[in-house]
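> Okay, handing you the structure first.
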Amino acid sequence: MTETRIACPDKLNQDTGRSLLDEVRSGTIAQGGVVVLDLSPTESVDSRGGAWLVEIADYVHSQKSEFRVEGQQGLVAEFIDLIQPGLAERPERAQVKMGFFEGVGDEALGFIGELRQARRLLVEAIYWTLLGPFQGRGFRWANWTDEVYEMGVKAIRITFMMNFLLGLIISMLSAAQIEPFGLGIYVADLLVIAFARELAAVMTAVVVSARTGAAIAAELATMQVQEEIDALRSMGLNVSQFLVAPKILALVVCMPCLTALGMIAGILGGSIWGIFVLDITPDVWFHETLQSAHVKDVVQGLLKAVFFAVTIVLVGCHNGFRVRGGSRGVGLMTTRAVVADIFCIIVIDMIFALVFYYLMPAKL
Amino acid sequence: MTINGNGMTAVNGETLIEVDQLVTHYGEKLVLDDVSLTVRRGEILVILGGSGCGKSTLLKHMIGLLKPTSGSIRYSGVDITAMEEDELSRLQRGMGVAFQSGGLFNSMTVGENVALPLREYGNVDEELIEPIVRLKLSMVGLSAAQHMLPSELSGGMLKRAGLARALALDPPAVFFDEPSAGLDPIMASGLDELILSMRKLLGLTFIIVTHELESIRKVADRAIMLDLGKVVFTGTVAEAEASAVPRVRQFFERRADEFIAQRNV
Ligand SMILES: Nc1ncnc2c1ncn2[C@@H]1O[C@H](COP(=O)(O)OP(=O)(O)O)[C@@H](O)[C@H]1O
Ligand SMILES: [Mg+2]
C-alpha cells in the first residue's frame with residue numbers, strides 16, 4: 001500500500017487550508033493508497049480550517065483512497081476528535097430513479113389511494129353530519145355557532161360586493177347587444193335567470209372556497225403537523241365527528257343564505273345600469289324582474305349551493321389531512337385545496353346544468 | 001497556543017453584554033421587572049427559572065427580537081434597544097441563536113438550513129460552504145441527516161440541527177433556549193460536552209436557558225435565576241447551591257412546596 005504523507009502548516013485556517021487542498025490534489029494519489037496528514041507541526045486550527053480538512057478527506061475518499069490524520073497534540077487533537085465524524089467516509093447517497101412507466105404507475109396508484117381516502121372521508125363525514133346533531137354528546141353547538149359566524153356572517157360583505165359588481169358587468173355587456181333592437185328591458189329577465197340559476201351560486205362558491213376552503217385546509221394541516229389530530233384520535237374521538245361534521249353543518253346553512261344574498265346583490269347591481277343608463281323607470285324594471293323570477297330557478301341555485309358547501313368542506317379537510325412535512329406542506333396543501341375546490345365547483349355546476357337542461361329548460 | 005472561531009482573539013473575562021434595568025410587558029402584562037445582568041466573554045451563563053417566568057422573553061430581548069418597555073441592553077457599550085434596523089441586523093450576524101423548537105426552515109434540508117447564513121453573509125468561499133456544513137453537522141452528530149428535511153427529524157435532532165445552524169458563522173455569542181429539554185440523558189450529556197468543547201476550542205460565549213439541574217452543574221460558570229419576572233439570584237453555581245434564597249433552594253432541592261399556590265396567582 002502506497003502511503004502519501006503531507007505535512008500541515010502551523011496555522012490551519014481559511015487560506016492555508018485551501019493551499020493544503022491544492023497540494024493534496026496536485027500530488028498523484030495511488031488508488032487504494034493512504035493519505036496521511038501530519039498535524040504535528042500544527043499549533044492552531046479554526047473552524048474554517050477544519051472545514052478544509054473535511055473537504056480534503058472527501059477528495060481523498062473520492063479517489064478510492066484512505067484518509068488519516070496523525071501527530072495532532074493538545075487542543076488540536078481535541079478539535080480533531082470533535083470533527084471526526086466529518087472526516088469519515090460518507091456512504092454514497094442512494095439515488096432512486098424511476099422509469100417512465102414506473103412513474104406513471106406510481107402516480108396512478110397514488111391517485112387511487114387518494115380517491116379511496118376521499119371516499120372514506122365522504123362516507124364518515126355524511127354519517128356524522130346526519131347523526132351528529134341528534135346525538136346528545138359529541139356535537140358542540142357553541143363551536144357550530146362560531147363556525148357560522150366565521151364562515152357566513154363575516155363573508156356577507158365580500159359576497160355582496162362581488163355579486164353586485166358582476167351583475168353590473170353582465171347588465172352592461174348584454175345591454176350593449178340587445179339595446180340596439182330596443183329590447184333593453186329584457187336585460188332584467190336575463191339577470192334574474194342568470195343569477196338565480198348560475199352566477200350567484202358559482203360566484204359565492206368561489207368567494208367561499210377562497211376564504212373558508214383555504215382556512216379549513218390550513219387549519220387542519222397545521223393540526224396534523226402539530227400532532228393535534230393524533231391527540232384527538234388517541235382520546236378515542238372521531239375526527240370526522242369532531243372536526244368535519246360541525247364545519248359541514250355550518251357551511252350547509254351559510255352557503256344557501258349567502259347565495260340568496262348573492263342573487264339579490266347581482267340583480268340590484270344589474271338594475272343600476274338598467275335604470276340609470278338604459279333609462280328604464282324603476283317601476284317597469286322591477287316589474288319585469290319579478291315577472292321573470294321563478295321558484296324553480298331559485299331552488300336550482302340554492303340546491304347547488306348546498307352541494308358546493310359540502311364539496312368545499314370535504315376538499316378542504318381532505319387536503320388538510322394529507323399534509324406531509326411542516327410549514328411548507330401546509331402552504332402546498334392550502335393551494336391544492338383551493339384549486340381543487342374551484343375545479344369541483346365547475347364540474348358540479350356543469351352536471352347540474354346538463355340535468356336541468358333536459359328536465360326544465362330555461363325560457364324567457 | 002490559541003484556537004478560535006473565525007480568528008477572533010478571545011479576551012476572557014471582558015464584559016460582552018450588559019442588560020440594565022430591563023422592564024418589559026406583553027400588552028398589559030408585566031413579564032420582566034427590573035432585570036439586570038452581565039455576560040462576560042468566554043463564559044457559559046445559564047438563565048434558570050420555572051416555566052413561564054420569562055426566560056425566553058429575556059433571551060429574545062437580548063438578541064434584539066423584542067423591544068423592552070424601558071431599560072437598556074449594551075453590546076460592548078452600544079445600546080441595541082436604540083439601534084436602527086440595519087445596524088441591529090449587522091450586530092445580529094454575530095449572534096448564533098438556537099431556538100426552543102429548533103426554528104429550522106421547513107422547506108429546506110438540514111444542510112441547506114445550515115448553509116443559509118453562510119450563503120447570505122458569511123463571505124465564505126463557495127467551495128467551502130459544503131465542507132463547513134458537514135463540519136458543523138458532524139460536530140452535533142448529525143452527519144447522516146444533512147439531506148433530510150426537518151419534518152423527518154425527531155425533537156432532539158431538530159435541536160441539534162438548530163445548534164449547528166447557530167454555529168454556522170462561528171458567532172462570538174451563542175444563545176441557546178432549553179437545549180436539553182426533550183433529549184434523552186445520553187444525548188443531553190453529549191450536548192453539554194459539546195458546549196464545553198466549543199467554548200474551550202473556539203472561545204465562544206454561551207447564554208443558555210435551561211432547568212436541567214445536571215446540565216447546570218456540568219456546564220455553567222455563572223447562573224442567574226428569574227422568578228415571576230424578577231432576578232432572585234446571580235452568582236456561580238456553587239454559590240447558588242449554597243444560597244439561602246428560598247426559591248433557589250427549592251429549585252436545587254427539587255421541592256414542590258407551595259407549588260400550586262404560587263403558580264395560580
Ligand atoms: N407572545 C406573547 N404574548 C403574550 N404573552 C406572552 C407571549 N409570550 C410569552 N408570554 C407570557 O410571558 C410569560 C413568560 O413567557 P416565556 O418567556 O416564554 O417563559 P419561559 O420562562 O417559560 O421561557 C408567560 O407568562 C407567558 O404566558
Ligand atoms: Mg421558554
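Residue names in the C-alpha cells use chain letters A, B, ... in the order shown, residue numbers from 1 in each chain, and ligand numbers from 1 in the order shown.
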Taking only C-alpha atoms and all ligand atoms into account, list the residues no farther than 12 Å from ligand 1, as a JSON list (two decimals) with N, CA and C atoms, in the first residue's frame.

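As written to disk, selection03.json reads:
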[["chain", "number", "residue", "atom", "x", "y", "z"],
["B", 24, "THR", "N", -40.29, 44.90, 30.82],
["B", 24, "THR", "CA", -41.00, 44.64, 29.58],
["B", 24, "THR", "C", -42.38, 44.05, 29.82],
["B", 25, "HIS", "N", -43.27, 44.34, 28.91],
["B", 25, "HIS", "CA", -44.67, 43.92, 29.02],
["B", 25, "HIS", "C", -45.11, 43.19, 27.76],
["B", 26, "TYR", "N", -46.01, 42.23, 27.91],
["B", 26, "TYR", "CA", -46.79, 41.74, 26.77],
["B", 26, "TYR", "C", -48.16, 42.36, 26.93],
["B", 27, "GLY", "N", -48.48, 43.36, 26.15],
["B", 27, "GLY", "CA", -49.72, 44.08, 26.36],
["B", 27, "GLY", "C", -49.67, 44.75, 27.72],
["B", 28, "GLU", "N", -50.65, 44.41, 28.58],
["B", 28, "GLU", "CA", -50.69, 44.99, 29.91],
["B", 28, "GLU", "C", -49.82, 44.21, 30.89],
["B", 29, "LYS", "N", -49.55, 42.95, 30.52],
["B", 29, "LYS", "CA", -48.93, 42.04, 31.48],
["B", 29, "LYS", "C", -47.43, 42.30, 31.64],
["B", 30, "LEU", "N", -47.02, 42.52, 32.89],
["B", 30, "LEU", "CA", -45.61, 42.73, 33.19],
["B", 30, "LEU", "C", -44.89, 41.38, 33.15],
["B", 31, "VAL", "N", -43.89, 41.25, 32.29],
["B", 31, "VAL", "CA", -43.21, 39.96, 32.17],
["B", 31, "VAL", "C", -41.81, 40.00, 32.78],
["B", 32, "LEU", "N", -41.05, 41.07, 32.49],
["B", 32, "LEU", "CA", -39.75, 41.21, 33.13],
["B", 32, "LEU", "C", -39.76, 42.50, 33.93],
["B", 33, "ASP", "N", -39.29, 42.41, 35.16],
["B", 33, "ASP", "CA", -39.38, 43.56, 36.05],
["B", 33, "ASP", "C", -37.98, 43.88, 36.58],
["B", 47, "ILE", "N", -29.44, 30.81, 32.41],
["B", 47, "ILE", "CA", -30.59, 31.52, 32.95],
["B", 47, "ILE", "C", -31.56, 30.46, 33.44],
["B", 48, "LEU", "N", -31.86, 30.49, 34.74],
["B", 48, "LEU", "CA", -32.72, 29.48, 35.34],
["B", 48, "LEU", "C", -34.08, 30.07, 35.65],
["B", 49, "GLY", "N", -34.98, 29.18, 35.97],
["B", 49, "GLY", "CA", -36.29, 29.65, 36.41],
["B", 49, "GLY", "C", -37.37, 28.70, 35.97],
["B", 50, "GLY", "N", -38.50, 28.76, 36.66],
["B", 50, "GLY", "CA", -39.61, 27.88, 36.34],
["B", 50, "GLY", "C", -40.23, 28.24, 35.00],
["B", 51, "SER", "N", -41.10, 27.37, 34.52],
["B", 51, "SER", "CA", -41.78, 27.62, 33.25],
["B", 51, "SER", "C", -42.59, 28.90, 33.33],
["B", 52, "GLY", "N", -42.52, 29.69, 32.29],
["B", 52, "GLY", "CA", -43.36, 30.88, 32.21],
["B", 52, "GLY", "C", -42.86, 32.05, 33.01],
["B", 53, "CYS", "N", -41.61, 32.00, 33.51],
["B", 53, "CYS", "CA", -41.13, 33.12, 34.32],
["B", 53, "CYS", "C", -40.46, 34.18, 33.45],
["B", 54, "GLY", "N", -40.37, 33.96, 32.16],
["B", 54, "GLY", "CA", -39.86, 34.99, 31.28],
["B", 54, "GLY", "C", -38.47, 34.76, 30.73],
["B", 55, "LYS", "N", -37.98, 33.52, 30.79],
["B", 55, "LYS", "CA", -36.62, 33.24, 30.31],
["B", 55, "LYS", "C", -36.50, 33.45, 28.81],
["B", 56, "SER", "N", -37.43, 32.87, 28.07],
["B", 56, "SER", "CA", -37.38, 33.03, 26.62],
["B", 56, "SER", "C", -37.54, 34.49, 26.24],
["B", 57, "THR", "N", -38.38, 35.17, 26.97],
["B", 57, "THR", "CA", -38.60, 36.59, 26.69],
["B", 57, "THR", "C", -37.31, 37.38, 26.90],
["B", 58, "LEU", "N", -36.61, 37.09, 27.98],
["B", 58, "LEU", "CA", -35.33, 37.76, 28.23],
["B", 58, "LEU", "C", -34.34, 37.49, 27.09],
["B", 59, "LEU", "N", -34.30, 36.25, 26.67],
["B", 59, "LEU", "CA", -33.39, 35.88, 25.59],
["B", 59, "LEU", "C", -33.73, 36.65, 24.31],
["B", 60, "LYS", "N", -35.02, 36.73, 24.01],
["B", 60, "LYS", "CA", -35.43, 37.42, 22.79],
["B", 60, "LYS", "C", -35.11, 38.91, 22.85],
["B", 61, "HIS", "N", -35.13, 39.47, 24.05],
["B", 61, "HIS", "CA", -34.71, 40.87, 24.17],
["B", 61, "HIS", "C", -33.21, 41.00, 23.95],
["B", 65, "LEU", "N", -34.84, 40.80, 19.27],
["B", 65, "LEU", "CA", -36.07, 40.47, 18.55],
["B", 65, "LEU", "C", -37.25, 41.22, 19.14],
["B", 66, "LEU", "N", -37.17, 41.55, 20.42],
["B", 66, "LEU", "CA", -38.25, 42.28, 21.06],
["B", 66, "LEU", "C", -37.68, 43.57, 21.63],
["B", 99, "PHE", "N", -33.19, 28.12, 18.72],
["B", 99, "PHE", "CA", -34.50, 28.34, 19.35],
["B", 99, "PHE", "C", -35.02, 27.08, 20.03],
["B", 100, "GLN", "N", -36.01, 27.35, 20.89],
["B", 100, "GLN", "CA", -36.56, 26.28, 21.72],
["B", 100, "GLN", "C", -37.03, 25.09, 20.89],
["B", 101, "SER", "N", -37.70, 25.37, 19.77],
["B", 101, "SER", "CA", -38.17, 24.24, 18.96],
["B", 101, "SER", "C", -37.38, 24.14, 17.66],
["B", 176, "PHE", "N", -28.94, 29.88, 23.51],
["B", 176, "PHE", "CA", -29.49, 28.55, 23.36],
["B", 176, "PHE", "C", -30.68, 28.41, 24.31],
["B", 177, "ASP", "N", -31.87, 28.25, 23.73],
["B", 177, "ASP", "CA", -33.08, 28.16, 24.55],
["B", 177, "ASP", "C", -33.41, 26.70, 24.83],
["B", 178, "GLU", "N", -33.29, 26.31, 26.07],
["B", 178, "GLU", "CA", -33.60, 24.95, 26.53],
["B", 178, "GLU", "C", -32.99, 23.88, 25.64],
["B", 181, "ALA", "N", -34.01, 20.15, 26.94],
["B", 181, "ALA", "CA", -35.39, 19.74, 27.16],
["B", 181, "ALA", "C", -35.80, 18.81, 26.03],
["B", 208, "ILE", "N", -27.35, 30.31, 28.03],
["B", 208, "ILE", "CA", -28.20, 29.13, 27.91],
["B", 208, "ILE", "C", -29.38, 29.21, 28.86],
["B", 209, "VAL", "N", -30.56, 28.98, 28.34],
["B", 209, "VAL", "CA", -31.74, 28.87, 29.19],
["B", 209, "VAL", "C", -31.96, 27.40, 29.47],
["B", 210, "THR", "N", -32.09, 27.06, 30.71],
["B", 210, "THR", "CA", -32.30, 25.63, 30.99],
["B", 210, "THR", "C", -32.90, 25.46, 32.38],
["B", 211, "HIS", "N", -33.49, 24.29, 32.62],
["B", 211, "HIS", "CA", -33.79, 23.96, 34.00],
["B", 211, "HIS", "C", -33.38, 22.53, 34.34],
["B", 225, "MET", "N", -31.02, 33.54, 38.21],
["B", 225, "MET", "CA", -32.32, 32.90, 38.34],
["B", 225, "MET", "C", -33.43, 33.93, 38.31],
["B", 226, "LEU", "N", -34.45, 33.67, 37.50],
["B", 226, "LEU", "CA", -35.60, 34.55, 37.41],
["B", 226, "LEU", "C", -36.76, 33.90, 38.14],
["B", 227, "ASP", "N", -37.58, 34.75, 38.77],
["B", 227, "ASP", "CA", -38.82, 34.23, 39.31],
["B", 227, "ASP", "C", -39.89, 35.30, 39.15],
["B", 228, "LEU", "N", -40.98, 34.92, 38.48],
["B", 228, "LEU", "CA", -42.06, 35.87, 38.22],
["B", 228, "LEU", "C", -41.51, 37.19, 37.68],
["B", 229, "GLY", "N", -40.55, 37.10, 36.78],
["B", 229, "GLY", "CA", -40.05, 38.29, 36.09],
["B", 229, "GLY", "C", -38.96, 39.06, 36.81],
["B", 230, "LYS", "N", -38.60, 38.62, 38.01],
["B", 230, "LYS", "CA", -37.54, 39.34, 38.74],
["B", 230, "LYS", "C", -36.31, 38.45, 38.88],
["B", 263, "ARG", "N", -48.24, 29.12, 41.74],
["B", 263, "ARG", "CA", -48.38, 29.21, 40.29],
["B", 263, "ARG", "C", -49.76, 29.64, 39.84],
["B", 264, "ASN", "N", -50.71, 29.69, 40.77],
["B", 264, "ASN", "CA", -52.05, 30.06, 40.34],
["B", 264, "ASN", "C", -52.40, 31.50, 40.67],
["B", 265, "VAL", "N", -51.37, 32.32, 40.84],
["B", 265, "VAL", "CA", -51.64, 33.71, 41.17],
["B", 265, "VAL", "C", -52.31, 34.39, 39.99]]
> Give the residues of chain A that lie within 7 Å of chain B; count only C-alpha atoms, and format the answer as a VMD selection string.
chain A and resid 43 to 48 51 to 52 54 to 55 75 79 82 to 83 85 to 86 325 to 328
> Please produce an output containing N, CA, C and O atoms for each residue in the selection, written as a PDB file, in the first residue's frame.

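Wrote it out as again-v1.pdb, contents follow:
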ATOM      1  N   GLU A  43      -0.233  24.160  15.236  1.00  0.00           N
ATOM      2  CA  GLU A  43      -0.475  24.654  16.589  1.00  0.00           C
ATOM      3  C   GLU A  43      -1.883  25.170  16.769  1.00  0.00           C
ATOM      4  O   GLU A  43      -2.388  25.251  17.873  1.00  0.00           O
ATOM      5  N   SER A  44      -2.535  25.593  15.670  1.00  0.00           N
ATOM      6  CA  SER A  44      -3.906  26.079  15.817  1.00  0.00           C
ATOM      7  C   SER A  44      -4.733  25.749  14.584  1.00  0.00           C
ATOM      8  O   SER A  44      -4.235  25.724  13.466  1.00  0.00           O
ATOM      9  N   VAL A  45      -5.982  25.481  14.854  1.00  0.00           N
ATOM     10  CA  VAL A  45      -6.946  25.225  13.778  1.00  0.00           C
ATOM     11  C   VAL A  45      -8.148  26.092  14.073  1.00  0.00           C
ATOM     12  O   VAL A  45      -8.570  26.183  15.218  1.00  0.00           O
ATOM     13  N   ASP A  46      -8.699  26.749  13.057  1.00  0.00           N
ATOM     14  CA  ASP A  46     -10.006  27.365  13.305  1.00  0.00           C
ATOM     15  C   ASP A  46     -11.051  26.576  12.523  1.00  0.00           C
ATOM     16  O   ASP A  46     -10.718  25.609  11.844  1.00  0.00           O
ATOM     17  N   SER A  47     -12.306  26.981  12.635  1.00  0.00           N
ATOM     18  CA  SER A  47     -13.324  26.085  12.103  1.00  0.00           C
ATOM     19  C   SER A  47     -13.327  26.106  10.579  1.00  0.00           C
ATOM     20  O   SER A  47     -13.712  25.132   9.951  1.00  0.00           O
ATOM     21  N   ARG A  48     -12.868  27.206   9.977  1.00  0.00           N
ATOM     22  CA  ARG A  48     -12.740  27.196   8.508  1.00  0.00           C
ATOM     23  C   ARG A  48     -11.660  26.203   8.082  1.00  0.00           C
ATOM     24  O   ARG A  48     -11.821  25.474   7.108  1.00  0.00           O
ATOM     25  N   ALA A  51     -13.054  22.895   8.177  1.00  0.00           N
ATOM     26  CA  ALA A  51     -13.899  22.625   7.016  1.00  0.00           C
ATOM     27  C   ALA A  51     -13.047  22.172   5.831  1.00  0.00           C
ATOM     28  O   ALA A  51     -13.437  21.278   5.086  1.00  0.00           O
ATOM     29  N   TRP A  52     -11.862  22.786   5.678  1.00  0.00           N
ATOM     30  CA  TRP A  52     -10.979  22.337   4.583  1.00  0.00           C
ATOM     31  C   TRP A  52     -10.541  20.903   4.802  1.00  0.00           C
ATOM     32  O   TRP A  52     -10.417  20.128   3.856  1.00  0.00           O
ATOM     33  N   VAL A  54     -12.299  18.607   6.142  1.00  0.00           N
ATOM     34  CA  VAL A  54     -13.431  17.788   5.708  1.00  0.00           C
ATOM     35  C   VAL A  54     -13.401  17.639   4.188  1.00  0.00           C
ATOM     36  O   VAL A  54     -13.593  16.541   3.641  1.00  0.00           O
ATOM     37  N   GLU A  55     -13.134  18.756   3.513  1.00  0.00           N
ATOM     38  CA  GLU A  55     -13.112  18.738   2.046  1.00  0.00           C
ATOM     39  C   GLU A  55     -11.974  17.836   1.534  1.00  0.00           C
ATOM     40  O   GLU A  55     -12.143  17.074   0.585  1.00  0.00           O
ATOM     41  N   LEU A  75      -4.929  20.814  22.122  1.00  0.00           N
ATOM     42  CA  LEU A  75      -6.225  21.309  21.684  1.00  0.00           C
ATOM     43  C   LEU A  75      -6.537  20.897  20.254  1.00  0.00           C
ATOM     44  O   LEU A  75      -7.680  20.640  19.907  1.00  0.00           O
ATOM     45  N   PHE A  79      -9.847  19.102  18.958  1.00  0.00           N
ATOM     46  CA  PHE A  79     -10.640  19.625  17.850  1.00  0.00           C
ATOM     47  C   PHE A  79     -10.882  18.537  16.806  1.00  0.00           C
ATOM     48  O   PHE A  79     -11.997  18.363  16.311  1.00  0.00           O
ATOM     49  N   LEU A  82     -13.489  16.231  17.825  1.00  0.00           N
ATOM     50  CA  LEU A  82     -14.827  16.830  17.702  1.00  0.00           C
ATOM     51  C   LEU A  82     -15.358  16.691  16.278  1.00  0.00           C
ATOM     52  O   LEU A  82     -16.539  16.431  16.066  1.00  0.00           O
ATOM     53  N   ILE A  83     -14.459  16.864  15.302  1.00  0.00           N
ATOM     54  CA  ILE A  83     -14.945  16.847  13.921  1.00  0.00           C
ATOM     55  C   ILE A  83     -14.752  15.491  13.255  1.00  0.00           C
ATOM     56  O   ILE A  83     -14.999  15.342  12.061  1.00  0.00           O
ATOM     57  N   PRO A  85     -16.396  12.689  12.920  1.00  0.00           N
ATOM     58  CA  PRO A  85     -17.405  12.096  12.036  1.00  0.00           C
ATOM     59  C   PRO A  85     -17.399  12.723  10.643  1.00  0.00           C
ATOM     60  O   PRO A  85     -17.724  12.066   9.663  1.00  0.00           O
ATOM     61  N   GLY A  86     -16.984  13.987  10.548  1.00  0.00           N
ATOM     62  CA  GLY A  86     -16.955  14.654   9.252  1.00  0.00           C
ATOM     63  C   GLY A  86     -15.797  14.178   8.385  1.00  0.00           C
ATOM     64  O   GLY A  86     -15.814  14.365   7.176  1.00  0.00           O
ATOM     65  N   GLY A 325     -44.896  16.921   6.046  1.00  0.00           N
ATOM     66  CA  GLY A 325     -43.892  17.948   6.308  1.00  0.00           C
ATOM     67  C   GLY A 325     -44.485  19.092   7.099  1.00  0.00           C
ATOM     68  O   GLY A 325     -45.632  19.029   7.532  1.00  0.00           O
ATOM     69  N   GLY A 326     -43.719  20.125   7.307  1.00  0.00           N
ATOM     70  CA  GLY A 326     -44.144  21.204   8.188  1.00  0.00           C
ATOM     71  C   GLY A 326     -44.799  22.352   7.462  1.00  0.00           C
ATOM     72  O   GLY A 326     -45.703  22.168   6.654  1.00  0.00           O
ATOM     73  N   SER A 327     -44.318  23.555   7.760  1.00  0.00           N
ATOM     74  CA  SER A 327     -44.973  24.762   7.279  1.00  0.00           C
ATOM     75  C   SER A 327     -45.109  24.773   5.758  1.00  0.00           C
ATOM     76  O   SER A 327     -46.095  25.254   5.217  1.00  0.00           O
ATOM     77  N   ARG A 328     -44.125  24.226   5.064  1.00  0.00           N
ATOM     78  CA  ARG A 328     -44.187  24.231   3.612  1.00  0.00           C
ATOM     79  C   ARG A 328     -45.353  23.378   3.126  1.00  0.00           C
ATOM     80  O   ARG A 328     -46.097  23.771   2.230  1.00  0.00           O
TER      81      ARG A 328
END
> For CA of Ala217 in chain A and CA of Asn163 in chain A, quote the distance in Å rounded to one decimal.
25.1 Å
> Can you list, as a ChimeraX atom specification, every protein, DNA or RNA residue that comes within 12 Å of Glu212 in chain B when you count only C-alpha atoms, leaving out same-chain residues fewer than 4 positions away?
/B:46-50,178-185,188-189,192,208,216-220,251-252,254
> According to DSSP computed on the backbone, where in range 43-154 of chain B is there helix (DSSP H, G or I)? Give the residues as a PyMOL selection string.
chain B and resi 55-62+85-92+110-121+126-139+143-145+150-152
> Can you measure CA of Phe206 in chain B to CA of Leu37 in chain B for me? One decimal in Å is fine.
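These atoms are spaced 14.2 Å apart.
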> Could you give me, as JSON, numbers by chain, each residue of range 78-255 of chain B that DSSP assigns to strand (DSSP E or B) when run on this structure's backbone?
{"B": [78, 79, 95, 96, 97, 98, 99, 102, 173, 174, 175, 176, 177, 205, 206, 207, 208, 209, 222, 223, 224, 225, 226, 227, 230, 231, 232, 233, 234, 235, 236]}
> Go through B:Thr205, B:Thr38, B:Gln250, B:Ser72 one by one, measure the shortest atom-to-atom distance of each to Val97 in chain B using only C-alpha atoms, and give the residue with the smallest value.
B:Thr205
> Between CA of Val187 in chain A and CA of Leu166 in chain A, what is the distance, to one decimal in Å?
13.7 Å
> Using only C-alpha atoms, which of B:Glu18, B:Glu126, B:Glu120, B:Glu43 sits nearest Ile80 in chain B?
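The shortest atom-to-atom distance to Ile80 in chain B comes from B:Glu18.
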> With a distance cut-off of 7 Å and only C-alpha atoms, select the neighbouring residues of range 27-33 of chain A, excluding the residue or stretch itself and same-chain residues fewer than 3 positions from it, and output the selection as a VMD selection string.
chain A and resid 1 to 3 23 to 24 63 to 66
> Export N, CA and C atoms of the chosen residues as a CSV table (one decimal), in the first residue's frame?

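Result file is out22.csv:
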chain,number,residue,atom,x,y,z
A,1,MET,N,0.8,-1.2,0.0
A,1,MET,CA,0.0,0.0,0.0
A,1,MET,C,0.9,1.3,0.0
A,2,THR,N,0.6,2.1,-1.0
A,2,THR,CA,1.5,3.3,-1.0
A,2,THR,C,0.9,4.4,0.0
A,3,GLU,N,1.8,5.0,0.7
A,3,GLU,CA,1.4,6.0,1.6
A,3,GLU,C,1.9,7.4,1.2
A,23,GLU,N,-2.4,21.2,-2.6
A,23,GLU,CA,-1.3,20.3,-2.5
A,23,GLU,C,-1.7,18.8,-2.7
A,24,VAL,N,-2.8,18.5,-1.9
A,24,VAL,CA,-3.3,17.1,-2.0
A,24,VAL,C,-3.7,16.8,-3.4
A,63,GLN,N,-11.1,9.5,-4.4
A,63,GLN,CA,-10.1,8.8,-5.2
A,63,GLN,C,-9.9,7.4,-4.7
A,64,LYS,N,-10.8,6.9,-4.0
A,64,LYS,CA,-10.8,5.5,-3.5
A,64,LYS,C,-9.6,5.2,-2.6
A,65,SER,N,-9.2,6.2,-1.9
A,65,SER,CA,-8.0,6.1,-1.0
A,65,SER,C,-8.5,6.3,0.4
A,66,GLU,N,-7.5,5.9,1.3
A,66,GLU,CA,-7.9,6.0,2.7
A,66,GLU,C,-7.3,7.4,3.3
> So which residues touch Ser26 in chain A within 12 Å, counting only C-alpha atoms, skipping near sequence neighbours fewer than 4 positions away, as a ChimeraX atom specification?
/A:6,19-22,59-60
> Hey, what's within 7 Å of range 225-242 of chain A if we count only C-alpha atoms and toss same-chain stuff fewer than 4 positions away? As a list of chain:residue names, please?
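The residues that qualify are A:Glu124, A:Ala125, A:Trp128, A:Gly132, A:Ala221, A:Gly326.
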> For Val202 in chain A, which residue out of A:Gln117, A:Asn13, A:Ser174, A:Thr159 is the nearest one, using only C-alpha atoms?
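Once distances to Val202 in chain A are computed over only C-alpha atoms, the minimum belongs to A:Thr159.
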> Any idea what's packed within 10 Å of Glu114 in chain A, counting only C-alpha atoms, ignoring anything in its chain fewer than 6 positions away? Could you give it as a PyMOL selection string?
chain A and resi 108+120+318-319+322
> Please, could you write that set of residues out with all heavy atoms as a tab-separated table (two decimals), in the first residue's frame?

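Now in again-v5.tsv:
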chain	number	residue	atom	x	y	z
A	108	ALA	N	-50.55	6.78	-10.67
A	108	ALA	CA	-51.90	6.22	-10.73
A	108	ALA	C	-52.27	5.58	-9.39
A	108	ALA	O	-53.36	5.80	-8.87
A	108	ALA	CB	-51.99	5.19	-11.86
A	120	ARG	N	-63.68	7.50	1.91
A	120	ARG	CA	-63.89	7.19	3.32
A	120	ARG	C	-64.30	8.44	4.08
A	120	ARG	O	-65.21	8.42	4.89
A	120	ARG	CB	-62.63	6.58	3.92
A	120	ARG	CG	-62.95	5.39	4.78
A	120	ARG	CD	-61.73	4.86	5.48
A	120	ARG	NE	-61.31	5.77	6.54
A	120	ARG	CZ	-60.05	5.81	7.01
A	120	ARG	NH1	-59.14	5.02	6.49
A	120	ARG	NH2	-59.73	6.63	7.97
A	318	HIS	N	-59.98	17.07	3.33
A	318	HIS	CA	-59.20	16.00	2.69
A	318	HIS	C	-57.76	16.45	2.48
A	318	HIS	O	-56.82	15.75	2.83
A	318	HIS	CB	-59.85	15.65	1.36
A	318	HIS	CG	-59.07	14.70	0.54
A	318	HIS	ND1	-58.93	13.37	0.87
A	318	HIS	CD2	-58.35	14.88	-0.59
A	318	HIS	CE1	-58.17	12.78	-0.04
A	318	HIS	NE2	-57.80	13.68	-0.93
A	319	ASN	N	-57.59	17.63	1.92
A	319	ASN	CA	-56.23	18.12	1.66
A	319	ASN	C	-55.49	18.44	2.95
A	319	ASN	O	-54.29	18.23	3.04
A	319	ASN	CB	-56.26	19.33	0.75
A	319	ASN	CG	-56.49	18.94	-0.69
A	319	ASN	OD1	-55.65	18.31	-1.30
A	319	ASN	ND2	-57.65	19.27	-1.22
A	322	ARG	N	-54.05	15.34	4.40
A	322	ARG	CA	-53.00	14.69	3.62
A	322	ARG	C	-51.64	15.36	3.74
A	322	ARG	O	-50.69	14.97	3.09
A	322	ARG	CB	-53.39	14.66	2.14
A	322	ARG	CG	-54.38	13.57	1.83
A	322	ARG	CD	-54.80	13.68	0.39
A	322	ARG	NE	-53.68	13.48	-0.52
A	322	ARG	CZ	-53.21	12.29	-0.86
A	322	ARG	NH1	-53.76	11.21	-0.38
A	322	ARG	NH2	-52.20	12.18	-1.71
> Select, from B:Ala98, B:Ala115, B:Leu158, B:Val19, the residue with the minimum atom-to-atom distance to ligand 2, counting only C-alpha atoms and all ligand atoms.
B:Ala98
